[in-house]
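Reading through the structure tokens given below for one structure.
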Amino acid sequence: MDVIIESLPIYWDGFLRTLFLAAVSGIIALVTGTILAAMRVSPVKALRGFSMAFVEIARNTPLTIVFFFCAIVLPRLGVRFDQFEVAAIIALSGYTSAFVAEAVRSGVNSVPVGQAEAARSIGLTFGQVLNLVVLPQALRTVVPPLINILIALVKNSSVAGAFFVLELFGHARQLANDHGDAVMQVLAGTAVFYLLMTVPLGILAHRVEKKVAIAR
Amino acid sequence: MTTAANSAALVSVKDVNKHYGQLHVLKDINMEVSKGEVVVVIGPSGSGKSTLCRAINRLETIEGGAIYIDGKKLPEEGKELAHLRADVGMVFQSFNLFAHKTILENITLGPIKVKGVSKATAEKEAMALLERVGVAQQAPKLPAQLSGGQQQRVAIARALAMKPKVMLFDEPTSALDPEMINEVLDVMVQLAKEGMTMIVVTHEMGFARKAADRVVFMADGQIVEQATPEQFFTNPQSHRAKDFLSKLLTH
Ligand SMILES: Nc1ncnc2c1ncn2[C@@H]1O[C@H](COP(=O)(O)OP(=O)(O)OP(=O)(O)O)[C@@H](O)[C@H]1O
Ligand SMILES: [Mg+2]
């Protein structure tokens with residue numbers, strides 16, 4: 001117990017860094033994921049193909065390998081970043097955007113095709129059809145799975161700790177090294193700080209799900 | 001074939017073909033519709049009536065041939081297509097009102113977003129249209145709160161709000177309870193009287209007799225016969241049409 005209490009400042013620092021990492025990656029992933037989903041239903045074949053290839057590759061590759069790619073391969077290809085944190089954000093948001101794209105796409109598919117056809121028939125452009133008619137209706141079904149994706153993102157961000165980013169898990173690793181006799185406590189403390197982020201998100205997802213169910 | 005051939009064609013369908021996989025749904029379709037003309041398209045299920053309607057609005061692509069609206073060829077994609085589509089109103093069998101928008105917003109969306117009409121003007125015009133189709137009372141409600149007949153009249157008003165040159169109707173009454181069919185047909189008859197150019201897929205013979213200038217009979221993806229409603233219903237020429245009408249009458 002003592003280890004946890006005396007390391008509280010370190011935990012807190014890690015907590016904030018993880019929150020930052022997850023929040024930035026989450027926002028980027030939501031935006032890119034929605035764009036990827038829009039590309040997937042666009043009338044332009046090349047965009048559809050690109051979106052599909054990206055989503056399938058990112059979604060089906062282990063996250064650790066995505067991290068390796070961003071932290072080690074990208075710099076060799078000439079992409080430079082000063083901090084590993086940038087690589088971590090690229091890896092996390094790229095990986096998560098694939099899941100966001102899939103969730104948004106299935107939400108879009110849950111809107112009857114007649115809605116889009118009616119929107120096209122009054123002369124709306126592809127972008128307007130999506131923004132004004134399809135996405136607002138898809139949103140209800142998309143929000144609960146999106147929150148689950150964000151929960152996964154918070155947990156996935158711990159992989160960054162293994163790549164020299166000092167977020168919550170990175171700090172925990174060091175603490176465990178420094179306190180070889182209290183590894184259990186150190187890890188339990190770490191888990192609590194992760195739960196502090198994921199449990200509220202879970203509760204939120206549950207609430208939204210209920211609300212959507214009533215509104216139908 | 002003989003009626004209204006004097007004025008220039010508003011809709012012109014030239015040698016249009018369409019396949020779904022192996023299935024040849026539209027076979028060398030040629031059709032012209034003049035300004036102010038009301039054409040009823042009739043034919044057995046699966047004969048390609050909906051596909052033809054949807055092709056004219058470019059909701060379906062075509063292979064070969066071309067479709068012209070008021071002399072302009074339908075573009076393949078993009079902004080130009082969207083603009084030309086605004087000239088072609090479409091009423092669907094299943095209404096397809098925007099489920100998340102009020103009745104009033106359903107009507108004003110197109111004028112505001114496509115034509116750049118101000119919100120106040122769009123709402124004023126929308127209320128006049130709703131009045132005209134008899135559902136002005138429902139303006140603040142959501143589509144799900146209206147009966148089928150009311151929804152379909154709103155859908156007609158939504159299409160009219162774009163001031164289209166031609167209106168397409170794909171079986172506008174076949175999803176309705178019998179007691180609601182006439183309220184929709186009445187609106188359509190009125191429109192026809194006011195000189196709207198219309199292409200109507202329907203099996204409502206009453207409407208065809210009352211409002212149509214011409215009946216186009218389709219079977220197996222082809223236009224088999226065209227005539228005035230009177231000629232077509234009393235004296236069909238083709239074997240397919242005779243067969244179809246005898247079945248329609250016994251049902
Ligand atoms: N998206 C599609 N994919 C494959 N086949 C289709 C598709 N849409 C229609 N078809 C087929 O094309 C043929 C023509 O369909 P269409 O809907 O144009 O007929 P219709 O004359 O409108 O029939 P109905 O009176 O039943 O509405 C049918 O055999 C139908 O099964
Ligand atoms: Mg049909």
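Every chain in the structure tokens has a letter given in the order shown (A, B, ...), and although residue numbers restart at 1 in each chain, ligands are simply numbered from 1 in the order shown.
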
Check stretch 24-172 of chain A with DSSP on the backbone and list each residue it calls helix (DSSP H, G or I), as a PyMOL selection string. chain A and resi 24-40+45-59+63-76+84-109+113-121+126-163+168-172

When the cut-off is 10 Å and you count only C-alpha atoms and all ligand atoms, which residues lie near ligand 2, shown as a PyMOL selection string? chain B and resi 42-54+92-93+170-171+174+201-202

I need the chosen residues saved as a tab-separated table (two decimals), in the first residue's frame, with all heavy atoms.
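New file part_23.tsv:
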```tsv
chain	number	residue	atom	x	y	z
B	42	ILE	N	-47.11	1.01	-67.21
B	42	ILE	CA	-47.82	-0.11	-66.62
B	42	ILE	C	-47.15	-1.40	-67.11
B	42	ILE	O	-46.48	-1.39	-68.14
B	42	ILE	CB	-49.32	-0.01	-67.06
B	42	ILE	CG1	-50.24	-0.76	-66.12
B	42	ILE	CG2	-49.51	-0.44	-68.48
B	42	ILE	CD1	-51.71	-0.41	-66.39
B	43	GLY	N	-47.28	-2.47	-66.35
B	43	GLY	CA	-46.67	-3.72	-66.80
B	43	GLY	C	-46.50	-4.67	-65.64
B	43	GLY	O	-46.56	-4.27	-64.48
B	44	PRO	N	-46.26	-5.95	-65.97
B	44	PRO	CA	-46.14	-6.95	-64.91
B	44	PRO	C	-44.95	-6.70	-63.99
B	44	PRO	O	-44.03	-5.96	-64.35
B	44	PRO	CB	-45.97	-8.27	-65.66
B	44	PRO	CG	-45.82	-7.94	-67.09
B	44	PRO	CD	-46.14	-6.52	-67.31
B	45	SER	N	-44.98	-7.31	-62.83
B	45	SER	CA	-43.90	-7.17	-61.86
B	45	SER	C	-42.59	-7.66	-62.48
B	45	SER	O	-42.55	-8.68	-63.16
B	45	SER	CB	-44.24	-7.99	-60.61
B	45	SER	OG	-43.20	-7.86	-59.69
B	46	GLY	N	-41.53	-6.91	-62.25
B	46	GLY	CA	-40.22	-7.31	-62.76
B	46	GLY	C	-39.98	-6.89	-64.20
B	46	GLY	O	-38.96	-7.24	-64.79
B	47	SER	N	-40.90	-6.11	-64.79
B	47	SER	CA	-40.74	-5.75	-66.20
B	47	SER	C	-39.77	-4.59	-66.40
B	47	SER	O	-39.43	-4.25	-67.52
B	47	SER	CB	-42.10	-5.43	-66.82
B	47	SER	OG	-42.75	-4.42	-66.09
B	48	GLY	N	-39.35	-3.96	-65.30
B	48	GLY	CA	-38.34	-2.91	-65.43
B	48	GLY	C	-38.88	-1.49	-65.26
B	48	GLY	O	-38.17	-0.52	-65.52
B	49	LYS	N	-40.10	-1.35	-64.80
B	49	LYS	CA	-40.71	-0.02	-64.65
B	49	LYS	C	-39.95	0.84	-63.65
B	49	LYS	O	-39.61	1.99	-63.92
B	49	LYS	CB	-42.18	-0.16	-64.19
B	49	LYS	CG	-43.00	-1.10	-65.03
B	49	LYS	CD	-44.42	-1.23	-64.53
B	49	LYS	CE	-44.56	-1.81	-63.13
B	49	LYS	NZ	-44.24	-3.25	-63.03
B	50	SER	N	-39.68	0.27	-62.47
B	50	SER	CA	-38.95	1.03	-61.46
B	50	SER	C	-37.55	1.36	-61.95
B	50	SER	O	-37.06	2.48	-61.76
B	50	SER	CB	-38.82	0.23	-60.17
B	50	SER	OG	-40.09	0.00	-59.62
B	51	THR	N	-36.90	0.41	-62.56
B	51	THR	CA	-35.55	0.63	-63.05
B	51	THR	C	-35.53	1.78	-64.05
B	51	THR	O	-34.63	2.63	-64.00
B	51	THR	CB	-35.01	-0.66	-63.71
B	51	THR	OG1	-35.21	-1.74	-62.81
B	51	THR	CG2	-33.54	-0.53	-64.03
B	52	LEU	N	-36.52	1.84	-64.93
B	52	LEU	CA	-36.59	2.92	-65.90
B	52	LEU	C	-36.74	4.28	-65.19
B	52	LEU	O	-36.02	5.23	-65.49
B	52	LEU	CB	-37.77	2.69	-66.86
B	52	LEU	CG	-38.02	3.80	-67.89
B	52	LEU	CD1	-36.80	3.99	-68.79
B	52	LEU	CD2	-39.26	3.50	-68.73
B	53	CYS	N	-37.66	4.32	-64.24
B	53	CYS	CA	-37.87	5.55	-63.46
B	53	CYS	C	-36.57	6.00	-62.79
B	53	CYS	O	-36.19	7.16	-62.85
B	53	CYS	CB	-38.88	5.27	-62.35
B	53	CYS	SG	-40.44	6.08	-62.58
B	54	ARG	N	-35.92	5.05	-62.16
B	54	ARG	CA	-34.71	5.36	-61.42
B	54	ARG	C	-33.57	5.75	-62.34
B	54	ARG	O	-32.71	6.56	-61.97
B	54	ARG	CB	-34.31	4.17	-60.53
B	54	ARG	CG	-35.36	3.90	-59.43
B	54	ARG	CD	-35.17	2.52	-58.83
B	54	ARG	NE	-33.83	2.35	-58.30
B	54	ARG	CZ	-33.46	2.80	-57.10
B	54	ARG	NH1	-34.33	3.38	-56.32
B	54	ARG	NH2	-32.23	2.64	-56.70
B	92	PHE	N	-41.49	8.18	-54.21
B	92	PHE	CA	-41.21	6.75	-54.06
B	92	PHE	C	-42.42	6.01	-53.48
B	92	PHE	O	-43.25	6.59	-52.78
B	92	PHE	CB	-40.02	6.54	-53.11
B	92	PHE	CG	-38.76	7.21	-53.55
B	92	PHE	CD1	-38.51	8.54	-53.23
B	92	PHE	CD2	-37.79	6.51	-54.26
B	92	PHE	CE1	-37.34	9.17	-53.63
B	92	PHE	CE2	-36.62	7.12	-54.66
B	92	PHE	CZ	-36.39	8.45	-54.33
B	93	GLN	N	-42.43	4.73	-53.72
B	93	GLN	CA	-43.48	3.88	-53.15
B	93	GLN	C	-43.50	3.98	-51.62
B	93	GLN	O	-44.55	4.05	-51.00
B	93	GLN	CB	-43.19	2.44	-53.59
B	93	GLN	CG	-44.21	1.45	-53.12
B	93	GLN	CD	-43.95	0.08	-53.73
B	93	GLN	OE1	-43.14	-0.08	-54.63
B	93	GLN	NE2	-44.66	-0.91	-53.24
B	170	ASP	N	-43.13	6.39	-58.67
B	170	ASP	CA	-42.98	4.94	-58.76
B	170	ASP	C	-43.96	4.26	-57.81
B	170	ASP	O	-43.72	4.16	-56.62
B	170	ASP	CB	-41.54	4.52	-58.45
B	170	ASP	CG	-41.32	3.04	-58.74
B	170	ASP	OD1	-42.24	2.39	-59.26
B	170	ASP	OD2	-40.22	2.54	-58.44
B	171	GLU	N	-45.07	3.81	-58.35
B	171	GLU	CA	-46.14	3.18	-57.57
B	171	GLU	C	-46.42	3.94	-56.28
B	171	GLU	O	-46.29	3.40	-55.18
B	171	GLU	CB	-45.76	1.71	-57.26
B	171	GLU	CG	-45.43	0.95	-58.53
B	171	GLU	CD	-45.70	-0.54	-58.42
B	171	GLU	OE1	-46.61	-0.90	-57.66
B	171	GLU	OE2	-45.01	-1.30	-59.11
B	174	SER	N	-49.09	2.16	-53.91
B	174	SER	CA	-49.20	0.72	-53.66
B	174	SER	C	-48.79	0.32	-52.24
B	174	SER	O	-49.02	-0.80	-51.84
B	174	SER	CB	-48.45	-0.10	-54.71
B	174	SER	OG	-47.16	0.37	-54.83
B	201	VAL	N	-45.62	5.39	-62.69
B	201	VAL	CA	-45.77	3.94	-62.69
B	201	VAL	C	-46.91	3.62	-61.74
B	201	VAL	O	-46.85	3.96	-60.56
B	201	VAL	CB	-44.49	3.24	-62.19
B	201	VAL	CG1	-44.69	1.73	-62.14
B	201	VAL	CG2	-43.30	3.61	-63.05
B	202	THR	N	-47.98	3.07	-62.26
B	202	THR	CA	-49.12	2.75	-61.39
B	202	THR	C	-50.01	1.73	-62.05
B	202	THR	O	-50.02	1.58	-63.28
B	202	THR	CB	-49.94	4.02	-61.06
B	202	THR	OG1	-50.96	3.68	-60.12
B	202	THR	CG2	-50.59	4.61	-62.31
```

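Computed from the coordinates, the atom CA of B:Val41 to atom CA of B:Glu131 distance equals 28.8 Å.
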
Chain A contacts on chain B, only C-alpha atoms, 9 Å, as a compact mmCIF listing (two decimals) with N, CA and C atoms, in the first residue's frame:
```txt
# COMPACT_ATOMS: atom_id res chain seq x y z
N ASN B 57 -33.78 9.39 -63.25
CA ASN B 57 -33.28 10.24 -62.18
C ASN B 57 -31.82 9.92 -61.85
N ARG B 58 -31.27 9.00 -62.63
CA ARG B 58 -29.88 8.58 -62.47
C ARG B 58 -29.59 8.01 -61.07
N LEU B 59 -30.64 7.42 -60.46
CA LEU B 59 -30.38 6.66 -59.24
C LEU B 59 -29.80 5.30 -59.62
N GLU B 77 -21.74 11.81 -62.85
CA GLU B 77 -21.65 11.96 -61.40
C GLU B 77 -21.44 13.43 -61.04
N GLY B 78 -21.31 13.68 -59.77
CA GLY B 78 -20.85 14.98 -59.31
C GLY B 78 -21.91 16.05 -59.21
N LYS B 79 -21.44 17.29 -59.06
CA LYS B 79 -22.31 18.44 -58.81
C LYS B 79 -23.32 18.66 -59.93
N LEU B 81 -24.65 16.54 -61.93
CA LEU B 81 -25.73 15.57 -61.84
C LEU B 81 -26.71 16.00 -60.75
N ALA B 82 -26.17 16.40 -59.61
CA ALA B 82 -27.03 16.84 -58.51
C ALA B 82 -27.94 17.97 -58.98
N HIS B 83 -27.39 18.91 -59.74
CA HIS B 83 -28.18 20.03 -60.21
C HIS B 83 -29.29 19.59 -61.15
N LEU B 84 -28.95 18.70 -62.07
CA LEU B 84 -29.95 18.26 -63.03
C LEU B 84 -31.04 17.45 -62.32
N ARG B 85 -30.64 16.72 -61.28
CA ARG B 85 -31.60 15.93 -60.52
C ARG B 85 -32.66 16.80 -59.86
N ALA B 86 -32.26 18.00 -59.49
CA ALA B 86 -33.20 18.91 -58.85
C ALA B 86 -34.35 19.23 -59.80
N ASP B 87 -34.11 19.09 -61.11
CA ASP B 87 -35.16 19.36 -62.10
C ASP B 87 -36.12 18.19 -62.25
N VAL B 88 -35.75 17.05 -61.66
CA VAL B 88 -36.57 15.85 -61.79
C VAL B 88 -37.08 15.46 -60.41
N GLY B 89 -38.34 15.67 -60.16
CA GLY B 89 -38.90 15.29 -58.86
C GLY B 89 -39.18 13.81 -58.83
N MET B 90 -39.01 13.19 -57.65
CA MET B 90 -39.26 11.75 -57.59
C MET B 90 -40.09 11.44 -56.36
N VAL B 91 -41.13 10.64 -56.57
CA VAL B 91 -41.97 10.20 -55.45
C VAL B 91 -41.87 8.68 -55.39
N PHE B 92 -41.49 8.18 -54.21
CA PHE B 92 -41.21 6.75 -54.06
C PHE B 92 -42.42 6.01 -53.48
N SER B 94 -42.31 4.02 -51.02
CA SER B 94 -42.24 4.00 -49.56
C SER B 94 -42.00 5.40 -48.96
N PHE B 95 -42.46 6.44 -49.64
CA PHE B 95 -42.43 7.84 -49.19
C PHE B 95 -41.01 8.36 -48.96
N ASN B 96 -40.23 7.67 -48.12
CA ASN B 96 -38.85 8.09 -47.84
C ASN B 96 -38.72 9.53 -47.35
N LEU B 97 -39.63 9.95 -46.48
CA LEU B 97 -39.43 11.27 -45.86
C LEU B 97 -38.24 11.16 -44.91
N PHE B 98 -37.51 12.26 -44.74
CA PHE B 98 -36.34 12.23 -43.86
C PHE B 98 -36.82 12.05 -42.42
N ALA B 99 -36.47 10.92 -41.83
CA ALA B 99 -37.08 10.50 -40.56
C ALA B 99 -36.72 11.40 -39.40
N HIS B 100 -35.57 12.09 -39.48
CA HIS B 100 -35.11 12.90 -38.34
C HIS B 100 -35.50 14.36 -38.49
N LYS B 101 -36.27 14.69 -39.52
CA LYS B 101 -36.64 16.09 -39.74
C LYS B 101 -38.15 16.25 -39.70
N LEU B 109 -35.57 21.65 -46.88
CA LEU B 109 -34.16 21.24 -47.00
C LEU B 109 -33.59 21.48 -48.40
N GLY B 110 -34.30 20.98 -49.40
CA GLY B 110 -33.82 21.11 -50.78
C GLY B 110 -33.70 22.57 -51.22
N PRO B 111 -34.79 23.35 -51.12
CA PRO B 111 -34.70 24.75 -51.54
C PRO B 111 -33.55 25.50 -50.84
N LYS B 113 -30.74 24.21 -49.22
CA LYS B 113 -29.38 23.69 -49.46
C LYS B 113 -28.99 23.60 -50.92
N VAL B 114 -29.96 23.37 -51.79
CA VAL B 114 -29.62 23.20 -53.20
C VAL B 114 -29.78 24.52 -53.97
N ARG B 158 -42.61 17.83 -51.13
CA ARG B 158 -41.15 17.96 -51.05
C ARG B 158 -40.53 18.02 -52.46
N ALA B 159 -41.04 17.16 -53.35
CA ALA B 159 -40.52 17.16 -54.72
C ALA B 159 -40.91 18.47 -55.42
N MET B 162 -38.88 21.87 -55.19
CA MET B 162 -37.71 22.14 -56.03
C MET B 162 -38.11 22.72 -57.39
```

Report as a PyMOL selection string all protein, DNA and RNA residues lying within 7 Å of B:Met196, evaluated on only C-alpha atoms, omitting residues in the same chain fewer than 4 positions from it. chain B and resi 36+166+191-192

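Across the structure, atom CA of A:Ile89 and atom CA of A:Leu16 are spaced 14.9 Å apart.
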
Need the shell around A:Ala98: protein/DNA/RNA residues with any atom at most 7 Å away, counting only C-alpha atoms. Skip same-chain ones fewer than 6 positions apart. Format as a list in words? Gly33, Val55, Ala58 and Arg59 of chain A

If you keep all heavy atoms, can you produce a file of those selected residues as a JSON list (two decimals), in the first residue's frame?
```json
[["chain", "number", "residue", "atom", "x", "y", "z"],
["A", 33, "GLY", "N", -11.55, 8.30, -39.04],
["A", 33, "GLY", "CA", -12.45, 7.16, -39.21],
["A", 33, "GLY", "C", -13.71, 7.53, -39.96],
["A", 33, "GLY", "O", -14.16, 6.79, -40.85],
["A", 55, "VAL", "N", -8.49, 0.05, -43.91],
["A", 55, "VAL", "CA", -9.24, -0.44, -42.75],
["A", 55, "VAL", "C", -8.93, -1.92, -42.49],
["A", 55, "VAL", "O", -8.66, -2.31, -41.35],
["A", 55, "VAL", "CB", -10.77, -0.24, -42.96],
["A", 55, "VAL", "CG1", -11.57, -1.00, -41.92],
["A", 55, "VAL", "CG2", -11.10, 1.25, -42.91],
["A", 58, "ALA", "N", -5.22, -2.24, -41.15],
["A", 58, "ALA", "CA", -5.01, -1.70, -39.81],
["A", 58, "ALA", "C", -5.76, -2.53, -38.76],
["A", 58, "ALA", "O", -5.25, -2.81, -37.68],
["A", 58, "ALA", "CB", -5.47, -0.24, -39.76],
["A", 59, "ARG", "N", -6.96, -2.94, -39.11],
["A", 59, "ARG", "CA", -7.82, -3.62, -38.15],
["A", 59, "ARG", "C", -7.30, -5.02, -37.84],
["A", 59, "ARG", "O", -7.53, -5.56, -36.76],
["A", 59, "ARG", "CB", -9.22, -3.73, -38.76],
["A", 59, "ARG", "CG", -10.36, -3.76, -37.81],
["A", 59, "ARG", "CD", -11.61, -3.38, -38.55],
["A", 59, "ARG", "NE", -11.90, -4.33, -39.62],
["A", 59, "ARG", "CZ", -12.88, -5.22, -39.54],
["A", 59, "ARG", "NH1", -13.64, -5.30, -38.50],
["A", 59, "ARG", "NH2", -13.11, -6.03, -40.56]]
```

With a distance cut-off of 7 Å and only C-alpha atoms, select the neighbouring residues of stretch 225-242 of chain B, excluding the residue or stretch itself and same-chain residues fewer than 2 positions from it, and output the selection as number ranges by chain. B: 1, 208-209, 212-217, 223, 244-246

One residue among B:Glu32, B:Glu60, B:Glu80, B:Asp70 is nearest to ligand 1 when using only C-alpha atoms and all ligand atoms, and that residue is B:Glu60

Tell me, as a list of chain:residue names, which residues lie within 7 Å of stretch 189-197 of chain A, counting only C-alpha atoms; anything in the same chain fewer than 6 positions away does not count.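 So, after excluding close chain neighbours, the residues are A:Ile4, A:Phe15, A:Ala172.
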
Between atom CA of A:Leu139 and atom CA of A:Val100, what is the distance in Å, rounded to a tenth?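 Between atom CA of A:Leu139 and atom CA of A:Val100 the gap is 12.2 Å.
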
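Remark: for B:Ala8, the closest of the candidate residues B:Glu37, B:Glu125, B:Glu179, B:Glu194 is B:Glu37 (distances computed over only C-alpha atoms).
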
Would you mind listing what lies within 10 Å of A:Ile90 as a CSV table (one decimal) with C-alpha atoms, in the first residue's frame, with only C-alpha atoms counted and same-chain residues fewer than 5 positions away left out?
```csv
chain,number,residue,atom,x,y,z
A,24,VAL,CA,-5.6,13.3,-28.9
A,25,SER,CA,-5.5,9.9,-30.6
A,28,ILE,CA,-7.8,12.2,-34.6
A,29,ALA,CA,-9.3,8.7,-35.0
A,66,VAL,CA,1.6,-1.1,-35.8
A,67,PHE,CA,3.7,0.5,-33.1
A,70,CYS,CA,5.4,3.8,-36.6
A,71,ALA,CA,8.3,4.0,-34.1
A,84,PHE,CA,8.2,8.8,-29.3
A,85,GLU,CA,4.9,10.3,-28.2
A,95,TYR,CA,-5.2,1.8,-35.7
A,96,THR,CA,-8.3,3.1,-33.9
```
